[in-house]
Amino acid sequence: MAAVLTTGLLAPMYAHAAGPQEVPPAAASRNSEVTAQAPAIPQEAPDPGATAVPEATEVEKIKAVRAIEVGEATDEWLMLSDKNFVFRVYDRINPDKYPLTKAEAYRVYKIVVDKPDAPDATAFIRTGIHDFVDRDHIEYARRQEEARQARDARQKAAAFAEIPADAAMLDGNDQNFVYQVWRRSTGPKVKDGAGTAWGGDATTWKTFITTTIFTLHLQDQRDAIDEARKESEQKARELAAKQAKKNAAAVLGIVAPDGWLVLSDDNFIRQLLATPELADPRHSEVRTAADAALRGTPADWAAFIDTGLKAADGRDAKREQDIREEADRKKVRDIKAKAEASLMRPRLVAAANAALAGTYADVVKFLAETQYATLTQSLMATTPETAAKGWYVRSGGGDAWITPGTQSDTVADAPLGEASWKVVPGLADANCFSFESTTHVGSYLRHQSYRVKLHASDGSEVFNKDATWCAKPGLAGSGVSLESKNVPGRYLRHANAELWLANDSGQFAWDYPGGFKQDATWNVADPDPLVTTQIMLRWLNDDGWRVFAGGPKAAEVLVDGIRYREFVNNTRAYWGKDTGVRSVSGAALTKYLASGGHTLRMPIQDTTATPDGIGTFTHFAGGLSIYASRHTDAHLVYGAIRDHWQNLGWERSYLGYPTSDEEQVGILRRSTFQGGYIYHDPKAKKTWDTKF
């Protein structure tokens, strides 16, 4: 590495994490060699009728009505069109228990109103409503717990501020509670604070309930004690003791009766221990602290009332929060483990990892939203012999194919389209999977007469089985293979870009043994893939060159019909329709870019190590080369001088490597080399070499 830094040798030759790498060997048709066995990009002809979803059946509508708990599915329901059925779901469903389902019904209805032939309403009745009802059941339990916590907080706040609170006040929303505090409070500072908070936002209301009201009531209490002190210190002490007992009881949400306030400290604690609140296991820390105080001295009783009860309540709250957080984190871990075992949901695994590494708010968001938003994936072929990496499963209806798409002549990156799939529990077996098109709702990849197609679901048992695939560890040793649920032993396989239900038996033309395991192995990739350009096809399929070039450093650029892309190991790949994909690296790239890059000439061969291992050379169209070595930097050689040097044996001749670009010397052109010069007389059309 020290030698590299001091001599300026090509960085990619030594900069790989796996250790020193050699520059790839020269290959005039390098890209075509890599992709020569790839099938022709298929000329797809989508069948719109294949994704026309038939109307939901009565049985499916009955199941949908039962799922949302609105009574039996009478003719009033069953006679409706699918569109109107969805609106009736929106109109009749309980918004408190099923808010997500209600919102989804409204979203779907709007789609179908704008596009009456959209299949969304039927798909919602058939499967979507059940997915959202399940989500609502989970979220309902969470909302119930949040409502309980909010009620407890309001009850403590009202009790602390000595405000009688009824069910309407405690079970309403935060803004209404703040308003009722303003109406009912007798403490001036609490009343003024509530009036100010009422005009704020949700955060202000929450802060008032959990923090501000306590601070303001303590100020009101201190004002009352100061006023009592004007009469006597004794009266002030008695009032302070009563207020301490009120505040202690209020921590538990209890409004202490006047009779409790005149009890001795120990008897007051005994009174608290007899309440239902301290019989609740949620207050176990408070109960333990109360028992301990009673076994102590009068000073311990007073300390418990003044500060100990509140501190113990804080420990109870933290324990409860920790239990709740750990339970939710366990849910995320369980989802992650299941997703990892499924082999089909890497995005869900990544989202779970991010949530577990984040805050509790991230965990809650994952459980409520993110886990449902990361179910779409794409499927990429893996067969190296046919250079199929970068070819994705795709269908717009009817036959399904693998394709990289067609490289655009006008934009650098273009979406492939029709190649993203929502990975849902198998229609015939929840332990397997079905692949729903993200652009054709209600249509799934299924096999029919062994050909794999995208068809609209008709809800039948046959369709559900045909569209269910069980994930297995990749037959080729990595990735995933997808076995048919109802034809065990047959897998999703690509053959000449077509998709088939196949094995290696040779029974049918698509069952040929050669390459079967690799053809039936898939990489689960991110959704919404772009068209795989010629540069990226080479990068994905040429393992040696990919290691040498490193990962992409910047987006691909299209200019004047030429494409290029930078890679992290000081390499830039170029594509031209006449040259294919060629790469320029290291010192040669620096020289090339300084000389005009692709506007000069296009590379016709990769930057390649010279036979002596000292330098590199890169050939370009029109008889131009760039030679570089550890001792000479990179220089252009072209025209007659290049031809003469080639005839001498290139760098293996006595001249060695060039030490300058071609230059004008009088009427002659000259290039300087390590061992001498080559001159060219344009007028006489003569070229010769000389030693120093």
# chains A, B, ... in the order shown; residues from 1 in each chain; ligands from 1
>>> residues_around(residues="Thr307 of chain A", least_positions_apart="4", cutoff="12 Å", atoms="only C-alpha atoms", output="list of chain:residue names")
A:Ala244, A:Lys245, A:Asn247, A:Ala248, A:Ala249, A:Val251, A:Val286, A:Ala289, A:Ala290, A:Ala293, A:Ala299, A:Asp300, A:Trp301, A:Ala302, A:Ala303, A:Ala311, A:Ala312, A:Asp313, A:Gly314
>>> select_by_dssp(residues="segment 449-521 of chain A", states="helix (DSSP H, G or I)", output="count of residues only")
13
>>> closest_residue(among="A:Arg126, A:Lys246, A:His635, A:Lys230", to="Val262 of chain A", atoms="only C-alpha atoms")
A:Lys246
>>> closest_residue(among="A:Val411, A:Leu375, A:Asp542, A:Ser660", to="Ala350 of chain A", atoms="only C-alpha atoms")
A:Leu375
>>> select_by_dssp(residues="segment 343-500 of chain A", states="strand (DSSP E)", output="MDAnalysis selection string")
chainID A and resid 376:381 392:394 398:399 401:403 421:425 433:437 443:448 451:456 469:473 480:484 491:495 498:500
>>> closest_residue(among="A:Trp522, A:Tyr657, A:Tyr679, A:Trp469", to="Met380 of chain A", atoms="only C-alpha atoms")
A:Trp522
>>> closest_residue(among="A:Ala609, A:Ala525, A:Val178, A:Ala341", to="Gln377 of chain A", atoms="only C-alpha atoms")
A:Ala525
>>> closest_residue(among="A:Ala147, A:Leu537, A:Ala159, A:Ala103", to="Phe132 of chain A", atoms="only C-alpha atoms")
A:Ala103
>>> atom_distance(atom1="atom CA of Arg154 of chain A", atom2="atom CA of Leu216 of chain A")
15.3 Å
>>> closest_residue(among="A:Ala381, A:Leu499, A:Leu558, A:Leu540", to="Gly474 of chain A", atoms="only C-alpha atoms")
A:Ala381
>>> residues_around(residues="segment 351-354 of chain A", least_positions_apart="4", cutoff="12 Å", atoms="only C-alpha atoms", output="PyMOL selection string")
chain A and resi 328-340+345-347+358-367+369-375
>>> atom_distance(atom1="atom CA of Gly479 of chain A", atom2="atom CA of Thr382 of chain A")
8.4 Å
>>> residues_around(residues="Asp560 of chain A", least_positions_apart="3", cutoff="10 Å", atoms="only C-alpha atoms", output="VMD selection string")
chain A and resid 409 to 410 563 576 598 to 599
>>> atom_distance(atom1="atom CA of Trp539 of chain A", atom2="atom CA of Lys577 of chain A")
17.3 Å
>>> residues_around(residues="Pro527 of chain A", least_positions_apart="3", cutoff="8 Å", atoms="only C-alpha atoms", output="PyMOL selection string")
chain A and resi 376-378+419-421
>>> residues_around(residues="Val568 of chain A", least_positions_apart="2", cutoff="8 Å", atoms="only C-alpha atoms", output="number ranges by chain")
A: 549-553, 566, 570-571
>>> residues_around(residues="Leu482 of chain A", least_positions_apart="2", cutoff="7 Å", atoms="only C-alpha atoms", output="MDAnalysis selection string")
chainID A and resid 469:472 480 484 491:492
